[in-house]
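Chemist: Got a structure for you, final-v6.cif, holding mmCIF, C-alpha atoms.
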```cif
data_target
loop_
_atom_site.label_atom_id
_atom_site.label_comp_id
_atom_site.auth_asym_id
_atom_site.auth_seq_id
_atom_site.Cartn_x
_atom_site.Cartn_y
_atom_site.Cartn_z
CA MET A 378 57.31 44.83 -106.99
CA VAL A 379 61.02 45.13 -107.93
CA LYS A 380 61.69 47.40 -104.94
CA GLU A 381 59.90 44.92 -102.64
CA GLU A 382 62.00 42.00 -103.96
CA THR A 383 65.20 44.04 -103.52
CA ALA A 384 64.21 44.91 -99.94
CA ASN A 385 63.47 41.23 -99.20
CA LYS A 386 66.87 40.23 -100.57
CA ARG A 387 68.57 42.87 -98.43
CA ASN A 388 66.68 41.66 -95.34
CA PHE A 389 67.67 38.06 -96.12
CA PHE A 390 71.36 38.92 -96.49
CA THR A 391 71.22 41.08 -93.34
CA LEU A 392 69.78 38.17 -91.37
CA LEU A 393 72.39 35.85 -92.91
CA LEU A 394 75.22 38.18 -91.85
CA ILE A 395 73.81 38.41 -88.31
CA PHE A 396 73.57 34.62 -88.18
CA PHE A 397 77.19 34.12 -89.28
CA SER A 398 78.33 36.71 -86.74
CA ILE A 399 76.52 34.77 -83.97
CA LEU A 400 77.76 31.36 -85.20
CA GLY A 401 80.36 29.78 -82.92
CA PRO A 402 79.56 28.89 -79.29
CA GLY A 403 76.99 26.19 -80.12
CA ILE A 404 79.02 24.55 -82.89
CA VAL A 405 82.28 24.65 -80.92
CA THR A 406 80.72 23.30 -77.70
CA GLY A 407 78.82 20.57 -79.53
CA SER A 408 81.85 19.50 -81.55
CA VAL A 409 84.09 19.25 -78.49
CA ASP A 410 81.66 16.61 -77.26
CA ASN A 411 83.28 14.28 -79.83
CA ASP A 412 86.55 14.20 -77.91
CA ALA A 413 88.95 11.26 -77.48
CA GLY A 414 86.65 9.71 -74.85
CA GLY A 415 83.55 10.15 -77.02
CA ILE A 416 85.25 8.71 -80.11
CA THR A 417 86.42 5.73 -78.05
CA THR A 418 82.86 5.13 -76.78
CA TYR A 419 81.35 5.27 -80.28
CA SER A 420 84.15 3.13 -81.77
CA VAL A 421 83.77 0.40 -79.14
CA ALA A 422 79.95 0.52 -79.52
CA GLY A 423 80.22 -0.02 -83.29
CA ALA A 424 82.87 -2.74 -82.96
CA LEU A 425 80.97 -4.68 -80.26
CA TYR A 426 77.32 -4.25 -81.30
CA GLY A 427 77.43 -3.23 -84.95
CA TYR A 428 74.53 -0.98 -85.95
CA LYS A 429 72.32 -2.02 -83.01
CA LEU A 430 73.07 1.04 -80.85
CA LEU A 431 72.52 3.73 -83.51
CA TRP A 432 69.02 4.37 -82.11
CA THR A 433 70.57 5.78 -78.90
CA LEU A 434 71.72 8.83 -80.87
CA ILE A 435 68.12 10.03 -81.23
CA PRO A 436 67.46 10.57 -77.46
CA SER A 437 71.06 11.82 -77.17
CA LEU A 438 70.28 14.55 -79.71
CA ILE A 439 67.12 15.63 -77.85
CA ILE A 440 68.99 15.82 -74.52
CA LEU A 441 71.88 17.76 -76.05
CA LEU A 442 69.55 20.25 -77.78
CA VAL A 443 67.54 20.99 -74.63
CA VAL A 444 70.53 21.32 -72.25
CA GLN A 445 72.65 23.47 -74.60
CA GLU A 446 69.70 25.75 -75.41
CA MET A 447 69.16 26.29 -71.67
CA ASN A 448 72.81 27.33 -71.34
CA ALA A 449 72.61 29.77 -74.23
CA ARG A 450 69.37 31.29 -72.93
CA MET A 451 70.70 31.73 -69.38
CA GLY A 452 73.87 33.36 -70.67
CA ILE A 453 72.04 35.76 -72.99
CA VAL A 454 69.31 36.75 -70.48
CA THR A 455 71.48 37.12 -67.36
CA GLY A 456 74.83 38.12 -68.89
CA LYS A 457 76.39 35.84 -66.26
CA GLY A 458 78.24 32.54 -66.46
CA LEU A 459 76.75 29.37 -64.99
CA ALA A 460 79.42 29.37 -62.26
CA ASP A 461 78.40 32.90 -61.19
CA LEU A 462 74.74 31.89 -61.04
CA ILE A 463 75.46 28.72 -59.02
CA ARG A 464 77.48 30.69 -56.46
CA GLU A 465 74.84 33.40 -56.16
CA ASN A 466 71.97 30.93 -55.74
CA PHE A 467 73.53 28.07 -53.77
CA GLY A 468 76.40 29.66 -51.82
CA VAL A 469 80.22 29.57 -51.85
CA LYS A 470 80.61 26.31 -49.85
CA ILE A 471 78.48 24.19 -52.18
CA THR A 472 80.15 25.83 -55.19
CA PHE A 473 83.61 25.03 -53.81
CA VAL A 474 82.78 21.33 -53.26
CA ILE A 475 81.26 20.95 -56.75
CA PHE A 476 84.15 22.72 -58.45
CA LEU A 477 86.83 20.80 -56.57
CA GLY A 478 85.44 17.60 -58.06
CA LEU A 479 85.06 19.20 -61.49
CA VAL A 480 88.69 20.42 -61.56
CA ILE A 481 90.02 16.96 -60.62
CA ALA A 482 87.82 15.34 -63.29
CA ASP A 483 88.86 17.90 -65.90
CA ILE A 484 92.57 17.30 -65.26
CA GLY A 485 91.92 13.61 -65.92
CA ASN A 486 89.85 14.44 -69.00
CA THR A 487 92.57 16.76 -70.35
CA ALA A 488 95.15 13.99 -69.84
CA THR A 489 92.87 11.69 -71.85
CA GLU A 490 92.78 14.24 -74.71
CA PHE A 491 96.59 14.41 -74.81
CA ALA A 492 96.59 10.60 -74.83
CA GLY A 493 94.42 10.88 -77.95
CA VAL A 494 97.00 13.22 -79.50
CA ALA A 495 99.78 10.76 -78.69
CA GLY A 496 97.86 7.73 -79.99
CA SER A 497 96.68 9.32 -83.24
CA LEU A 498 100.11 10.67 -84.24
CA ASN A 499 101.81 7.44 -83.17
CA ILE A 500 99.97 5.85 -86.12
CA PHE A 501 101.95 8.23 -88.36
CA GLY A 502 105.20 7.28 -86.60
CA ILE A 503 105.51 10.35 -84.32
CA SER A 504 106.57 9.74 -80.70
CA LYS A 505 104.40 11.07 -77.87
CA TYR A 506 107.49 12.79 -76.45
CA ILE A 507 107.45 15.03 -79.55
CA SER A 508 103.72 15.29 -80.36
CA VAL A 509 102.34 16.01 -76.88
CA PRO A 510 104.70 18.90 -75.89
CA LEU A 511 104.39 20.53 -79.35
CA VAL A 512 100.58 20.40 -79.33
CA ALA A 513 100.49 21.67 -75.73
CA ILE A 514 102.69 24.66 -76.64
CA ALA A 515 100.53 25.46 -79.71
CA VAL A 516 97.33 25.31 -77.63
CA TRP A 517 98.85 27.49 -74.90
CA LEU A 518 100.04 30.14 -77.40
CA LEU A 519 96.65 30.25 -79.15
CA VAL A 520 94.76 30.86 -75.91
CA VAL A 521 97.22 33.11 -74.06
CA TYR A 522 98.35 35.31 -76.97
CA GLY A 523 95.29 35.08 -79.19
CA ASN A 524 91.81 36.50 -78.64
CA TYR A 525 88.31 35.06 -78.63
CA ARG A 526 87.67 35.81 -82.33
CA LEU A 527 90.91 34.10 -83.46
CA ALA A 528 90.44 31.12 -81.14
CA GLU A 529 86.83 30.66 -82.23
CA ARG A 530 87.82 30.65 -85.92
CA VAL A 531 90.46 28.00 -85.27
CA PHE A 532 87.96 25.94 -83.28
CA LEU A 533 85.34 26.24 -86.07
CA VAL A 534 87.87 24.92 -88.62
CA PHE A 535 88.59 22.02 -86.25
CA SER A 536 84.83 21.35 -86.00
CA PHE A 537 84.50 20.96 -89.76
CA CYS A 538 87.57 18.68 -89.87
CA LEU A 539 85.64 16.16 -87.75
CA LEU A 540 83.52 15.48 -90.85
CA SER A 541 86.45 13.30 -92.01
CA TYR A 542 84.62 10.51 -90.17
CA VAL A 543 81.83 10.71 -92.75
CA VAL A 544 84.34 9.82 -95.49
CA SER A 545 85.83 6.97 -93.39
CA ALA A 546 82.37 5.48 -92.91
CA ILE A 547 81.45 5.70 -96.61
CA LEU A 548 84.76 4.04 -97.58
CA ALA A 549 83.85 1.20 -95.21
CA LYS A 550 80.83 0.39 -97.47
CA PRO A 551 78.18 -0.03 -94.75
CA GLU A 552 74.88 -1.91 -95.14
CA TRP A 553 72.43 1.00 -95.31
CA HIS A 554 69.33 -1.21 -95.04
CA GLU A 555 70.61 -2.58 -91.71
CA ILE A 556 71.30 0.97 -90.55
CA GLY A 557 67.74 2.02 -91.39
CA SER A 558 66.34 -1.01 -89.59
CA SER A 559 68.42 -0.26 -86.46
CA LEU A 560 67.16 3.33 -86.36
CA LEU A 561 63.49 2.48 -86.98
CA ARG A 562 63.33 -0.67 -84.80
CA PRO A 563 65.40 -0.11 -81.63
CA THR A 564 66.48 -3.21 -79.71
CA MET A 565 67.12 -3.38 -75.97
CA HIS A 566 69.00 -6.19 -74.22
CA LEU A 567 69.07 -6.37 -70.45
CA ASN A 568 72.62 -7.67 -70.10
CA LYS A 569 75.14 -5.51 -68.24
CA GLY A 570 77.42 -4.82 -71.22
CA TYR A 571 74.64 -3.62 -73.53
CA LEU A 572 72.99 -1.44 -70.87
CA SER A 573 76.32 0.12 -69.90
CA MET A 574 77.03 0.98 -73.53
CA VAL A 575 73.56 2.52 -73.98
CA LEU A 576 74.08 4.70 -70.92
CA GLY A 577 77.64 5.46 -72.00
CA ILE A 578 76.52 6.77 -75.41
CA VAL A 579 73.74 8.91 -73.93
CA GLY A 580 75.99 10.13 -71.11
CA THR A 581 78.95 11.02 -73.31
CA THR A 582 76.89 13.61 -75.21
CA VAL A 583 76.65 15.83 -72.11
CA ALA A 584 79.61 16.69 -69.83
CA PRO A 585 79.70 19.10 -66.85
CA TRP A 586 82.39 21.38 -68.28
CA MET A 587 80.44 21.78 -71.56
CA GLN A 588 77.64 23.61 -69.75
CA PHE A 589 80.02 26.14 -68.21
CA TYR A 590 81.94 26.68 -71.46
CA MET A 591 78.79 27.17 -73.55
CA GLN A 592 77.42 29.84 -71.25
CA SER A 593 80.77 31.62 -70.93
CA ALA A 594 81.26 31.54 -74.73
CA VAL A 595 77.85 33.14 -75.31
CA ILE A 596 78.76 35.95 -72.91
CA GLU A 597 82.26 36.39 -74.39
CA LYS A 598 80.67 36.59 -77.84
CA GLY A 599 78.41 39.42 -76.60
CA ILE A 600 75.15 37.93 -77.92
CA LYS A 601 72.06 40.02 -77.11
CA ILE A 602 68.50 38.89 -76.42
CA GLU A 603 67.42 40.27 -79.83
CA GLU A 604 69.80 37.75 -81.41
CA TYR A 605 68.53 34.81 -79.35
CA LYS A 606 66.88 33.00 -82.29
CA PHE A 607 70.20 32.99 -84.16
CA ALA A 608 71.95 31.59 -81.08
CA VAL A 609 69.35 28.79 -81.00
CA TRP A 610 70.18 27.91 -84.63
CA ASP A 611 73.86 27.88 -83.69
CA VAL A 612 73.06 25.39 -80.91
CA VAL A 613 70.92 23.25 -83.26
CA ILE A 614 73.64 23.09 -85.94
CA GLY A 615 76.27 22.23 -83.32
CA CYS A 616 74.16 19.46 -81.77
CA VAL A 617 73.17 17.94 -85.13
CA ALA A 618 76.80 18.02 -86.35
CA THR A 619 77.87 16.26 -83.12
CA ILE A 620 75.36 13.45 -83.59
CA VAL A 621 76.17 13.12 -87.32
CA VAL A 622 79.86 12.61 -86.50
CA ALA A 623 78.97 10.09 -83.76
CA PHE A 624 76.67 8.26 -86.21
CA PHE A 625 79.40 7.83 -88.82
CA ILE A 626 82.02 6.73 -86.26
CA ILE A 627 79.68 3.92 -85.14
CA VAL A 628 78.88 3.06 -88.78
CA ALA A 629 82.58 2.95 -89.79
CA CYS A 630 83.44 0.56 -86.94
CA ALA A 631 80.29 -1.55 -87.35
CA ALA A 632 80.83 -2.05 -91.08
CA THR A 633 84.43 -3.20 -90.64
CA LEU A 634 85.42 -4.23 -87.12
CA ASN A 635 82.13 -5.80 -85.97
CA LYS A 636 81.65 -7.53 -89.31
CA ASN A 637 85.09 -9.17 -88.96
CA GLY A 638 85.01 -9.84 -85.21
CA ILE A 639 87.73 -7.34 -84.30
CA VAL A 640 87.78 -6.30 -80.61
CA ILE A 641 89.19 -2.87 -79.65
CA ASN A 642 89.82 -1.03 -76.39
CA GLU A 643 90.35 2.55 -77.59
CA ALA A 644 89.89 4.85 -80.61
CA LYS A 645 93.50 4.40 -81.75
CA ASP A 646 92.86 0.65 -82.11
CA ALA A 647 89.90 1.43 -84.38
CA ALA A 648 92.04 3.58 -86.69
CA VAL A 649 94.68 0.83 -86.98
CA SER A 650 92.12 -1.97 -87.42
CA LEU A 651 90.25 -0.15 -90.22
CA LYS A 652 93.23 -0.38 -92.59
CA PRO A 653 92.86 -4.00 -93.84
CA PHE A 654 89.09 -3.65 -94.30
CA ALA A 655 88.49 -0.08 -95.55
CA GLY A 656 91.96 0.82 -96.85
CA ALA A 657 94.87 2.97 -95.68
CA PHE A 658 93.09 6.24 -96.55
CA ALA A 659 90.06 5.44 -94.35
CA SER A 660 92.41 4.43 -91.51
CA GLU A 661 94.44 7.65 -91.81
CA LEU A 662 91.27 9.77 -91.97
CA PHE A 663 90.01 8.11 -88.78
CA ALA A 664 93.36 8.83 -87.08
CA PHE A 665 93.27 12.42 -88.36
CA GLY A 666 89.77 12.86 -86.89
CA LEU A 667 91.00 11.52 -83.55
CA PHE A 668 93.95 13.95 -83.63
CA VAL A 669 91.73 16.94 -84.44
CA ALA A 670 89.20 16.00 -81.76
CA SER A 671 91.93 15.50 -79.16
CA VAL A 672 93.68 18.83 -79.87
CA PHE A 673 90.32 20.59 -79.97
CA SER A 674 89.28 19.23 -76.58
CA ALA A 675 92.77 19.65 -75.08
CA ALA A 676 92.29 23.38 -75.67
CA ILE A 677 88.63 23.70 -74.65
CA LEU A 678 88.64 21.53 -71.50
CA PRO A 679 91.26 23.48 -69.48
CA LEU A 680 89.84 26.71 -70.91
CA ALA A 681 86.33 25.83 -69.70
CA THR A 682 87.70 24.87 -66.28
CA ALA A 683 89.61 28.15 -65.92
CA PHE A 684 86.46 30.03 -67.01
CA TYR A 685 84.08 28.56 -64.46
CA VAL A 686 86.47 28.52 -61.51
CA CYS A 687 87.41 32.18 -62.01
CA GLU A 688 83.78 33.18 -62.58
CA ALA A 689 82.68 31.39 -59.40
CA PHE A 690 85.23 33.09 -57.17
CA GLY A 691 85.23 36.56 -58.70
CA PHE A 692 88.49 36.53 -60.68
CA GLU A 693 88.81 38.12 -64.12
CA ALA A 694 88.38 35.54 -66.91
CA GLY A 695 88.28 35.42 -70.71
CA ILE A 696 90.46 34.90 -73.79
CA ASN A 697 90.02 38.57 -74.67
CA LYS A 698 91.74 39.52 -71.39
CA LYS A 699 95.51 40.01 -71.44
CA LEU A 700 97.83 37.96 -69.22
CA LYS A 701 98.23 40.85 -66.76
CA GLU A 702 94.46 41.46 -66.64
CA ALA A 703 93.51 37.86 -65.75
CA PRO A 704 96.56 36.23 -64.06
CA GLN A 705 94.51 33.66 -62.10
CA PHE A 706 92.63 32.61 -65.25
CA TYR A 707 95.78 31.99 -67.27
CA ALA A 708 97.63 30.44 -64.31
CA LEU A 709 94.86 27.86 -63.85
CA PHE A 710 94.69 27.16 -67.60
CA THR A 711 98.48 26.66 -67.73
CA SER A 712 98.51 24.47 -64.61
CA ILE A 713 95.87 22.08 -65.94
CA ILE A 714 97.72 21.63 -69.25
CA THR A 715 101.07 21.17 -67.48
CA ILE A 716 99.73 18.52 -65.08
CA ALA A 717 97.92 16.71 -67.90
CA ILE A 718 100.96 16.45 -70.19
CA GLY A 719 103.10 15.49 -67.19
CA ILE A 720 100.78 12.51 -66.59
CA ILE A 721 100.88 11.47 -70.26
CA LEU A 722 104.67 11.63 -70.49
CA ILE A 723 105.18 9.36 -67.46
CA PRO A 724 106.36 5.97 -68.81
CA ASN A 725 103.63 3.32 -68.44
CA ALA A 726 101.14 5.84 -67.01
CA PRO A 727 97.79 4.13 -66.13
CA LEU A 728 95.85 5.99 -68.84
CA ILE A 729 92.89 3.59 -68.87
CA ALA A 730 92.41 3.99 -65.08
CA ILE A 731 92.68 7.79 -65.42
CA THR A 732 90.07 7.78 -68.19
CA ILE A 733 87.66 5.58 -66.22
CA TRP A 734 87.91 7.57 -62.98
CA SER A 735 87.56 10.93 -64.72
CA GLN A 736 84.37 9.58 -66.36
CA VAL A 737 83.12 8.35 -62.96
CA LEU A 738 83.62 11.84 -61.51
CA ASN A 739 81.86 13.38 -64.53
CA ALA A 740 78.89 11.05 -64.07
CA MET A 741 78.69 11.84 -60.35
CA LEU A 742 78.86 15.61 -60.81
CA LEU A 743 76.74 16.08 -63.94
CA PRO A 744 73.32 15.50 -62.29
CA ILE A 745 74.20 18.17 -59.70
CA VAL A 746 75.13 20.64 -62.46
CA ILE A 747 71.97 19.95 -64.49
CA MET A 748 69.72 20.15 -61.39
CA SER A 749 71.30 23.53 -60.57
CA MET A 750 70.67 24.68 -64.14
CA ILE A 751 67.01 23.62 -64.10
CA ILE A 752 66.35 25.37 -60.76
CA ILE A 753 68.03 28.59 -61.96
CA VAL A 754 66.43 28.63 -65.42
CA ASN A 755 62.94 28.22 -63.88
CA ASN A 756 63.45 31.14 -61.47
CA LYS A 757 61.35 34.04 -62.81
CA ARG A 758 63.28 36.51 -60.66
CA ILE A 759 66.41 35.61 -62.67
CA MET A 760 65.00 34.68 -66.10
CA GLY A 761 61.78 36.73 -66.28
CA LYS A 762 59.60 35.44 -69.11
CA PHE A 763 62.43 33.28 -70.47
CA VAL A 764 61.91 30.39 -68.04
CA ASN A 765 61.67 26.78 -69.28
CA ASN A 766 58.53 25.42 -70.90
CA GLY A 767 57.01 22.08 -69.88
CA PHE A 768 58.82 19.99 -72.52
CA GLN A 769 62.23 21.43 -71.56
CA ASN A 770 61.61 20.62 -67.89
CA ILE A 771 60.51 17.05 -68.68
CA VAL A 772 63.65 16.41 -70.75
CA GLY A 773 65.88 18.12 -68.16
CA TRP A 774 64.58 16.18 -65.17
CA SER A 775 64.45 12.89 -67.12
CA THR A 776 68.10 13.38 -68.11
CA THR A 777 69.00 14.04 -64.47
CA ILE A 778 67.28 10.83 -63.33
CA ILE A 779 69.04 8.78 -66.05
CA LEU A 780 72.41 10.25 -65.09
CA ILE A 781 71.83 9.53 -61.39
CA ALA A 782 71.05 5.93 -62.36
CA LEU A 783 74.29 5.84 -64.38
CA THR A 784 76.24 7.16 -61.38
CA ILE A 785 74.78 4.45 -59.12
CA MET A 786 75.66 1.80 -61.71
CA LEU A 787 79.24 3.07 -61.96
CA LEU A 788 79.64 3.09 -58.18
CA MET A 789 78.03 -0.33 -57.73
CA ALA A 790 79.86 -2.03 -60.61
CA PRO A 791 82.97 -3.09 -58.60
CA ILE A 792 80.78 -4.55 -55.82
CA LEU A 793 78.56 -6.40 -58.31
CA GLN A 794 81.61 -7.81 -60.11
CA ARG A 795 82.90 -9.31 -56.83
CA PHE A 796 79.57 -11.07 -56.22
CA LEU A 797 79.38 -12.30 -59.82
CA LYS A 798 82.84 -13.91 -59.70
#
```
Kindly present the structure from the file in structure tokens form.
Modeler:
Amino acid sequence: MVKEETANKRNFFTLLLIFFSILGPGIVTGSVDNDAGGITTYSVAGALYGYKLLWTLIPSLIILLVVQEMNARMGIVTGKGLADLIRENFGVKITFVIFLGLVIADIGNTATEFAGVAGSLNIFGISKYISVPLVAIAVWLLVVYGNYRLAERVFLVFSFCLLSYVVSAILAKPEWHEIGSSLLRPTMHLNKGYLSMVLGIVGTTVAPWMQFYMQSAVIEKGIKIEEYKFAVWDVVIGCVATIVVAFFIIVACAATLNKNGIVINEAKDAAVSLKPFAGAFASELFAFGLFVASVFSAAILPLATAFYVCEAFGFEAGINKKLKEAPQFYALFTSIITIAIGIILIPNAPLIAITIWSQVLNAMLLPIVIMSMIIIVNNKRIMGKFVNNGFQNIVGWSTTIILIALTIMLLMAPILQRFLK
């Protein structure tokens, strides 16, 4: 009996060690979802509608879980990145057109992340002309002269720092009974503003570049099919942590800004506006969370872009590669960061317009990426017995339809506004 208990303990600790060795890609990818754009969306949702939109986080979690698991499974089974698989199955021309749009969108997204860095540190009295170049240099050094293990550890620390939003929300003293009611009894209003915010919250949980990064990270990590179940738990933890952070951002802004009729346009406004209602500490924690999220995403976004472009066109790629081994990879990574910080440092740069148009491009391209994923992951020649089950296909195709509807709404919005004037 004693020997059996000892063996069970050893097996448990062995499994635990394997799990911690696998931990990383899912948590990092999920956490990056709460970038400057995501935090802005959740902050505005809480400020405008209070707790009413918390229910949208439940379908968002389901979508995120299904899509990220598909990425992990494809990477583990095929040993290839999503970009490689798209090129092999749909041809170079289609791949080039898709990736041209993705690169343009990602430059805009990266600029938005550096805007988040500038805004968050401006609250602490630091000029963007100091904060943005210093953060850009630190990110560049970490990626170019570090390795995957070091970078992943730094990114994991950043992921846990995002839990500062939990403290901000608790300090705001929310009405928990109203929160419970909002989750259990969802409300839907058919006005344009409410519908746009619903779609915005669901849409911000999934971005095109996330799918490419997740699959590349799984491959870079060297995860084998025997370790697949641990990779799934990594994805689950990452997705749940993402939604928990989003939940508390909405709660913090609902309990303070919505309650007092404060209107905001961006996440930085939320951090500043929290101070008189939840105290200086809550405000500073919110700003710290925005800074962490922005730095985090400013590293991952250009990295993901460099990964999938180089994979698609046959260039060497990966943080574990030296500068001489993957010159195109590091050149693209450096170029995206340089262009992004150049945009941010232009006096009176139209940051809101850049943010909006990068989101429009994301919305237009994401259905194409997800459709490509679903077709590939259901191909038995590629995936063998690891193809999607019925539930995964239903969620995948439903998500695609919703995102196509969002794209149409975004494209039609300017025309509709002219008629409504």
Chemist: Evaluate the PyMOL selection byres ((chain A and resi 763-773) around 8) against this structure - the residues, as a ChimeraX atom specification, please.
Modeler: /A:439-440,443-444,447,450,454,747,751,754-757,760-762,774-777
Chemist: Once you have the residues from the selection above, write them out as a PDB file, in the frame of the given file, restricted to C-alpha atoms.
Modeler:
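Result file selection.pdb:
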```
ATOM      1  CA  ILE A 439      67.120  15.630 -77.850  1.00  0.00           C
ATOM      2  CA  ILE A 440      68.990  15.820 -74.520  1.00  0.00           C
ATOM      3  CA  VAL A 443      67.540  20.990 -74.630  1.00  0.00           C
ATOM      4  CA  VAL A 444      70.530  21.320 -72.250  1.00  0.00           C
ATOM      5  CA  MET A 447      69.160  26.290 -71.670  1.00  0.00           C
ATOM      6  CA  ARG A 450      69.370  31.290 -72.930  1.00  0.00           C
ATOM      7  CA  VAL A 454      69.310  36.750 -70.480  1.00  0.00           C
ATOM      8  CA  ILE A 747      71.970  19.950 -64.490  1.00  0.00           C
ATOM      9  CA  ILE A 751      67.010  23.620 -64.100  1.00  0.00           C
ATOM     10  CA  VAL A 754      66.430  28.630 -65.420  1.00  0.00           C
ATOM     11  CA  ASN A 755      62.940  28.220 -63.880  1.00  0.00           C
ATOM     12  CA  ASN A 756      63.450  31.140 -61.470  1.00  0.00           C
ATOM     13  CA  LYS A 757      61.350  34.040 -62.810  1.00  0.00           C
ATOM     14  CA  MET A 760      65.000  34.680 -66.100  1.00  0.00           C
ATOM     15  CA  GLY A 761      61.780  36.730 -66.280  1.00  0.00           C
ATOM     16  CA  LYS A 762      59.600  35.440 -69.110  1.00  0.00           C
ATOM     17  CA  TRP A 774      64.580  16.180 -65.170  1.00  0.00           C
ATOM     18  CA  SER A 775      64.450  12.890 -67.120  1.00  0.00           C
ATOM     19  CA  THR A 776      68.100  13.380 -68.110  1.00  0.00           C
ATOM     20  CA  THR A 777      69.000  14.040 -64.470  1.00  0.00           C
TER      21      THR A 777
END
```
Chemist: Taking 4 positions as the minimum chain separation for residues in the same chain, which residues sit within 12 Å of A:Ser593 when counting all atoms listed in the file? Answer as a VMD selection string.
Modeler: chain A and resid 402 to 403 406 448 to 453 455 to 462 525 586 to 589 597 to 600 677 680 to 689 694 to 696
Chemist: Please write as a JSON list (two decimals) with C-alpha atoms, in the coordinates of the input the list of polymer residues whose atoms come within 6 Å of (78.9, 20.2, -63.5), counting all atoms listed in the file and keeping to the coordinates of the file.
Modeler:
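Ended up saving to selection30.json:
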```
[["chain", "number", "residue", "atom", "x", "y", "z"],
["A", 585, "PRO", "CA", 79.70, 19.10, -66.85],
["A", 742, "LEU", "CA", 78.86, 15.61, -60.81],
["A", 743, "LEU", "CA", 76.74, 16.08, -63.94],
["A", 746, "VAL", "CA", 75.13, 20.64, -62.46]]
```
Chemist: To one decimal place in Å, what is the distance between atom CA of A:Ser660 and atom CA of A:Gly719?
Modeler: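 Atom CA of A:Gly719 lies 28.8 Å from atom CA of A:Ser660.
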Chemist: Which residues fall under the PyMOL selection byres ((chain A and resi 561) around 12) in this file, as a list in words?
Modeler: Tyr428, Lys429, Leu430, Leu431, Trp432, Thr433, Ile435, His554, Glu555, Ile556, Gly557, Ser558, Ser559, Leu560, Arg562, Pro563 and Thr564 of chain A
Chemist: Might you spell out which residues the PyMOL selection byres ((chain A and resi 634) around 12) would select in the displayed file, as a ChimeraX atom specification?
Modeler: /A:420-428,546,549,551,626-633,635-641,646-655,660
Chemist: Interatomic distance between atom CA of A:Val474 and atom CA of A:Ile778?
Modeler: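 That distance, rounded to one decimal, is 21.3 Å.
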Chemist: What is the distance between atom CA of A:Gly496 and atom CA of A:Ala413, in Å to one decimal?
Modeler: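 Between these atoms lies a distance of 9.9 Å.
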Chemist: Identify which of the residues A:Ile620, A:Ile514, A:Ala482, A:Tyr522 lies closest to A:Lys698, counting only C-alpha atoms when measuring atom-to-atom distances.
Modeler: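 Of all the options, A:Tyr522 lies closest to A:Lys698.
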Chemist: Go through A:Leu434, A:Leu709, A:Glu702, A:Glu603 one by one, measure the shortest atom-to-atom distance of each to A:Leu576 using only C-alpha atoms, and give the residue with the smallest value.
Modeler: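 Nearest to A:Leu576: A:Leu434.
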Chemist: Would you kindly return, as a PyMOL selection string, each protein, DNA or RNA residue with an atom no farther than 10 Å from any atom of A:Ile463, considering all atoms listed in the file and excluding same-chain residues fewer than 5 positions away?
Modeler: chain A and resi 458+468-469+471-472+475+689+746+749-750+752-753
Chemist: Once you've located stretch 740-750 of chain A in the structure I gave, write it as a compact mmCIF listing (two decimals), in the first residue's frame, keeping N, CA and C atoms.
Modeler:
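File out01.txt, as written:
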```
# COMPACT_ATOMS: atom_id res chain seq x y z
N ALA A 740 -10.93 42.79 -38.79
CA ALA A 740 -12.27 42.21 -38.94
C ALA A 740 -12.49 41.64 -40.33
N MET A 741 -11.91 42.30 -41.35
CA MET A 741 -12.07 41.82 -42.73
C MET A 741 -11.27 40.55 -42.99
N LEU A 742 -10.10 40.44 -42.36
CA LEU A 742 -9.19 39.33 -42.64
C LEU A 742 -9.43 38.11 -41.76
N LEU A 743 -9.96 38.34 -40.55
CA LEU A 743 -10.11 37.22 -39.61
C LEU A 743 -11.01 36.10 -40.12
N PRO A 744 -12.19 36.38 -40.73
CA PRO A 744 -13.00 35.27 -41.25
C PRO A 744 -12.25 34.41 -42.27
N ILE A 745 -11.40 35.05 -43.09
CA ILE A 745 -10.62 34.30 -44.08
C ILE A 745 -9.64 33.36 -43.38
N VAL A 746 -8.99 33.87 -42.33
CA VAL A 746 -8.02 33.06 -41.57
C VAL A 746 -8.72 31.88 -40.90
N ILE A 747 -9.86 32.14 -40.24
CA ILE A 747 -10.57 31.07 -39.53
C ILE A 747 -11.13 30.04 -40.51
N MET A 748 -11.66 30.50 -41.65
CA MET A 748 -12.16 29.55 -42.67
C MET A 748 -11.02 28.65 -43.15
N SER A 749 -9.85 29.25 -43.38
CA SER A 749 -8.67 28.46 -43.80
C SER A 749 -8.32 27.42 -42.74
N MET A 750 -8.36 27.85 -41.47
CA MET A 750 -8.06 26.92 -40.37
C MET A 750 -9.03 25.75 -40.34
```
